[in-house]
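Engineer: I have a structure here, written as structure tokens, and I will follow up with some questions on it.
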Amino acid sequence: MHEFNFKDNELYCERIKVADIAKKVPTPFYLYSYKTLADHYKKLKVAFNSMRPLICFSVKSNSSLAVLKALVKNGAGLDIVSGGELYRAKLVGANPKKIVYAGVGKRPDEIADAIKFGILFFNVESEEELDQIQHIAESMKKKANVAIRINPDVIPKTHAYITTGKGETKFGLDFETVHKIFNNKWKYPNLNLNGVHIHIGSQILDAKPFENAIKKVLKFLKDCRIEVEYLNIGGGLGIMYSIEHAQTAKAFAERVLPMLAKSGLKIILEPGRFISGNSGVLVTKVIYNKRTPRKKFLIVDSGMSDLIRPSLYEAYHKIVPVKVASSASDTCEKTDVVGPICESGDFLGKERLLPHVESGELLAVMGAGAYGFTMSSNYNSRPRASEVMVVGDKFYVVRKHETYRDLVKGESIPKELR
Ligand SMILES: Cc1ncc(COP(=O)(O)O)c(C=O)c1O
């Protein structure tokens with residue numbers, strides 16, 4: 001469920017017409033619904049309530065300060081993967097004791113900053129990283145909390161590029177190495193090795209791969225007599241982009257809770273897409289209609305630089321006209337919705353049954369709240385889109401559209417060439 005709905009053939013975000021926002025904000029823009037963000041967070045919270053887990057929103061899925069603040073205000077922690085994300089976490093007043101930090105390539109300065117801030121723990125992904133954190137914590141005369149990310153080698157049944165829990169990926173450590181690390185705890189006097197972490201992939205529609213991974217990890221802890229305080233089961237919960245049957249928070253919790261409750265461990269979840277995915281849309285304007293002997297195209301003012309998921313993963317996003325003419329369904333035609341970028345891979349949707357949409361009219365690309373703006377770029381020297389948040393019947397531009405001046409910020413030309 002989300003707060004983007006049609007009333008009288010017009011798309012609304014909460015209580016505002018999307019077309020009215022577009023009268024004030026130039027396209028393209030990302031549009032987020034505060035209520036949807038808060039509702040999705042609460043759904044997970046309620047479903048897992050019996051274990052009172054820490055729910056750390058995965059900042060990489062949507063790092064808008066407004067989105068982060070919305071969730072932090074509702075009690076969420078944050079899952080970060082860089083110094084930049086830590087900086088954002090500080091700006092929104094996140095509680096350090098609700099921050100977990102993953103990622104295979106944490107730099108020494110990033111590690112030092114996170115220790116200084118007093119985060120809950122690092123999710124450590126290699127032995128060298130563990131040595132590095134020990135070294136930095138020792139030099140700072142601090143004790144750092146650490147969870148070891150285990151790669152449980154399970155098949156999450158999702159796109160290869162968002163699979164992270166299979167043995168051949170770069171993420172986490174194999175069981176044998178993790179066992180060795182816990183046996184050699186004495187090597188790390190400045191670290192509290194107090195947790196284990198898994199994150200097996202993203203857009204996973206079924207609980208089975210999670211069950212398999214959790215089962216494997218709990219058996220491993222038991223067999224090796226490893227005692228920890230926390231089990232972080234990662235993110236990865238899938239959402240509905242089109243016709244897929246994504247599990248609800250309640251159904252997911254019912255499947256994994258019995259195992260988790262039996263473990264007696266404190267539980268952490270790191271959902272990104274589940275919270276932000278359907279909380280946002282990309283609003284774009286049709287620039288041209290184009291017909292070739294083989295195809296009908298709608299050329300719009302956003303493309304792979306704004307939303308790369310279709311090009312990168314062949315991801316499907318539903319595309320709808322923001323205003324639907326009442327006769328529209330009679331005249332639908334297969335249409336490719338493409339951007340202005342000079343790549344054949346620059347499309348938002350292919351062969352979509354769409355009514356005729358005049359140039360100047362608006363389309364909404366649905367389910368664009370996760371891995372949308374955060375993966376956008378300036379390719380083809382295109383300024384990045386603005387971000388807008390609706391709260392009830394008000395909207396706020398929470399990030400301005402970039403300007404041409406922003407595009408060249410920090411650039412210079414060697415004096416010999418001037
Ligand atoms: C370590 C970690 N945790 C959580 C997430 C969030 O995943 P999702 O948005 O699928 O919930 C990711 C995404 O890549 C991740 O790498």
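Going by the structure tokens order, chains are called A, B, ..., each with residues numbered from 1, while ligands are numbered from 1 in the order shown.
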Could you pull out the residues sitting within 9 Å of ligand 1, using only C-alpha atoms and all ligand atoms, and write them as an NGL selection string?
Structural biologist: :A and (56-61 or 79-81 or 101-103 or 123 or 149 or 162-164 or 171 or 197-204 or 233-238 or 269-277 or 370-371)
Engineer: Which residues are close to Arg384 (chain A), i.e. within 7 Å by only C-alpha atoms, leaving aside same-chain residues fewer than 5 positions away? Reply as a list in words.
Structural biologist: Asp306, Ser377, Asn378, His401 and Glu402 of chain A
Engineer: Name the closest residue to Ile150 (chain A) among the candidates A:Ala137, A:Val196, A:Leu130, A:Met1; distances are taken between atoms, counting only C-alpha atoms.
Structural biologist: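 Of all the options, A:Val196 lies closest to Ile150 (chain A).
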Engineer: Please run DSSP on the backbone and report, as a count of residues only, all residues within region 78-307 of chain A that come out as strand (DSSP E).
Structural biologist: 47
Engineer: Which residues come within 10 Å of region 112-122 of chain A, counting only C-alpha atoms, excluding same-chain residues fewer than 4 positions away, as number ranges by chain?
Structural biologist: A: 77, 79-83, 86-87, 90, 95-103, 106-108, 130, 133, 136-137, 139-140, 142-149, 191-195, 197
Engineer: Go ahead and save the residues from that selection, with C-alpha atoms, as a PDB file, in the first residue's frame.
Structural biologist:
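Listing of out.pdb after writing:
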```
ATOM      1  CA  GLY A  77      18.170   3.522  13.240  1.00  0.00           C
ATOM      2  CA  ASP A  79      22.433   1.273   8.148  1.00  0.00           C
ATOM      3  CA  ILE A  80      25.323   3.141   6.532  1.00  0.00           C
ATOM      4  CA  VAL A  81      28.132   2.223   4.120  1.00  0.00           C
ATOM      5  CA  SER A  82      30.339   5.304   3.854  1.00  0.00           C
ATOM      6  CA  GLY A  83      31.658   8.404   5.554  1.00  0.00           C
ATOM      7  CA  LEU A  86      27.641   8.890   8.344  1.00  0.00           C
ATOM      8  CA  TYR A  87      27.738  12.634   7.673  1.00  0.00           C
ATOM      9  CA  LYS A  90      24.773  13.132  11.936  1.00  0.00           C
ATOM     10  CA  ASN A  95      21.320   8.223  17.618  1.00  0.00           C
ATOM     11  CA  PRO A  96      24.847   6.720  17.204  1.00  0.00           C
ATOM     12  CA  LYS A  97      23.728   3.689  19.206  1.00  0.00           C
ATOM     13  CA  LYS A  98      21.256   2.968  16.383  1.00  0.00           C
ATOM     14  CA  ILE A  99      23.826   3.053  13.546  1.00  0.00           C
ATOM     15  CA  VAL A 100      25.406   0.008  11.932  1.00  0.00           C
ATOM     16  CA  TYR A 101      28.128   0.349   9.315  1.00  0.00           C
ATOM     17  CA  ALA A 102      28.638  -2.241   6.518  1.00  0.00           C
ATOM     18  CA  GLY A 103      30.645  -2.193   3.269  1.00  0.00           C
ATOM     19  CA  LYS A 106      35.807   1.208   4.672  1.00  0.00           C
ATOM     20  CA  ARG A 107      38.701   3.692   4.633  1.00  0.00           C
ATOM     21  CA  PRO A 108      40.774   4.397   7.797  1.00  0.00           C
ATOM     22  CA  LEU A 130      39.222  -6.253  11.289  1.00  0.00           C
ATOM     23  CA  ILE A 133      39.643  -1.347  12.994  1.00  0.00           C
ATOM     24  CA  ILE A 136      42.586   2.501  14.699  1.00  0.00           C
ATOM     25  CA  ALA A 137      40.621   1.800  17.909  1.00  0.00           C
ATOM     26  CA  SER A 139      45.454   4.363  18.515  1.00  0.00           C
ATOM     27  CA  MET A 140      42.310   6.222  19.660  1.00  0.00           C
ATOM     28  CA  LYS A 142      38.777   3.229  22.336  1.00  0.00           C
ATOM     29  CA  LYS A 143      36.869  -0.015  22.211  1.00  0.00           C
ATOM     30  CA  ALA A 144      34.892  -0.576  19.000  1.00  0.00           C
ATOM     31  CA  ASN A 145      31.923  -2.895  18.608  1.00  0.00           C
ATOM     32  CA  VAL A 146      32.086  -5.306  15.725  1.00  0.00           C
ATOM     33  CA  ALA A 147      29.767  -7.798  14.052  1.00  0.00           C
ATOM     34  CA  ILE A 148      31.229 -10.178  11.515  1.00  0.00           C
ATOM     35  CA  ARG A 149      29.361 -10.339   8.213  1.00  0.00           C
ATOM     36  CA  LEU A 191      37.210  -4.818  19.697  1.00  0.00           C
ATOM     37  CA  ASN A 192      34.004  -6.237  21.140  1.00  0.00           C
ATOM     38  CA  LEU A 193      33.118  -9.007  18.735  1.00  0.00           C
ATOM     39  CA  ASN A 194      29.491  -8.989  19.772  1.00  0.00           C
ATOM     40  CA  GLY A 195      27.471  -9.816  16.673  1.00  0.00           C
ATOM     41  CA  HIS A 197      25.507 -10.086  10.258  1.00  0.00           C
TER      42      HIS A 197
END
```
